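Heads up: the structure comes next, in structure tokens.
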Amino acid sequence: DLRLLVQVTLENPTYRILTAEDGRKAVEAVNQHRPDLLIIDWMMPGLNGCEAVAQLRENPETASIPVVMLTARDGLDAKEETSSLALAGYLAKPFSPLELIKKVREVLET
């Protein structure tokens, strides 16, 4: 459901949206397509979002892709746990479609 919400929210001629149903498939998709931005959920089957991002950061070809983490874990604990991942931002669930659009624009324009 969350994947569909993100896809529908961002779908427009400006963005090409790729989705993956788990962390392993997300890593495969990023390695294959080299997106401008990765929006990833912390809690996913297979590899969780943090594990997937850690793998991507180890690859020089994907290490600099900006990542926005979607998480129900908000606050200092989440930021400390992900500090080594060099995330471009967080969105705490539940979030509004407008928050998502604003965050994507913010990250892509920097």
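Residue numbering restarts at 1 in every chain; chains get A, B, ... in the order shown in the structure tokens, and ligands count up from 1 in that same order.
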Quick one: residues within 7 Å of region 33-41 of chain A, only C-alpha atoms, excluding same-chain residues fewer than 6 positions away - as a ChimeraX atom specification? /A:49,62,65-71
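Nearest residue to Glu51 (chain A) among A:Leu85, A:Ala72, A:Val30, A:Leu18 is A:Leu85, counting only C-alpha atoms.
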Run DSSP on the backbone and grab whatever in chain A lands in strand (DSSP E); send it over as an MDAnalysis selection string. chainID A and resid 38:41 67:71 89:92
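CA of Leu5 (chain A) is found 23.4 Å from CA of Gln32 (chain A).
The residue set within 12 Å of Asp1 (chain A), counting only C-alpha atoms and dropping same-chain residues fewer than 6 places from it, reads Gln7, Val8, Thr19, Glu21 and Asp41 of chain A.
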Could you turn the residues from that selection into a file that holds N, CA, C and O atoms, as an mmCIF file, in the first residue's frame?
```cif
data_model
loop_
_atom_site.group_PDB
_atom_site.id
_atom_site.type_symbol
_atom_site.label_atom_id
_atom_site.label_comp_id
_atom_site.auth_asym_id
_atom_site.auth_seq_id
_atom_site.Cartn_x
_atom_site.Cartn_y
_atom_site.Cartn_z
ATOM 1 N N GLN A 7 4.210 5.812 -5.380
ATOM 2 C CA GLN A 7 4.186 5.795 -6.841
ATOM 3 C C GLN A 7 3.128 6.744 -7.392
ATOM 4 O O GLN A 7 3.409 7.563 -8.268
ATOM 5 N N VAL A 8 1.922 6.664 -6.878
ATOM 6 C CA VAL A 8 0.832 7.509 -7.368
ATOM 7 C C VAL A 8 1.100 8.980 -7.054
ATOM 8 O O VAL A 8 0.841 9.861 -7.868
ATOM 9 N N THR A 19 9.657 0.561 -8.773
ATOM 10 C CA THR A 19 9.310 0.068 -7.441
ATOM 11 C C THR A 19 9.909 -1.315 -7.228
ATOM 12 O O THR A 19 10.218 -2.028 -8.182
ATOM 13 N N GLU A 21 9.450 -4.675 -4.210
ATOM 14 C CA GLU A 21 8.663 -5.118 -3.059
ATOM 15 C C GLU A 21 9.490 -5.538 -1.851
ATOM 16 O O GLU A 21 8.936 -5.801 -0.793
ATOM 17 N N ASP A 41 11.670 2.288 2.405
ATOM 18 C CA ASP A 41 11.040 2.078 3.702
ATOM 19 C C ASP A 41 12.021 1.339 4.605
ATOM 20 O O ASP A 41 12.697 0.405 4.172
#
```
Of A:Leu2, A:Asn31, A:Ala78, A:Glu106, the one nearest to Arg57 (chain A) when counting only C-alpha atoms is A:Asn31
List the neighbours of Leu98 (chain A) out to 9 Å using only C-alpha atoms; skip same-chain residues closer than 4 positions along the sequence, and give me the result as a ChimeraX atom specification. /A:9,102-103
Mind checking DSSP for chain A and telling me the alpha helix (DSSP H) residues as an NGL selection string? :A and (2-10 or 23-33 or 49-58 or 76-81 or 97-108)
Of A:Leu108, A:Arg73, A:Tyr15, A:Glu81, the one nearest to Pro94 (chain A) when counting only C-alpha atoms is A:Arg73
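Minimum distance to Ala88 (chain A) across A:Glu28, A:Ala20, A:Thr110, A:Glu58 (counting only C-alpha atoms) occurs at A:Thr110.
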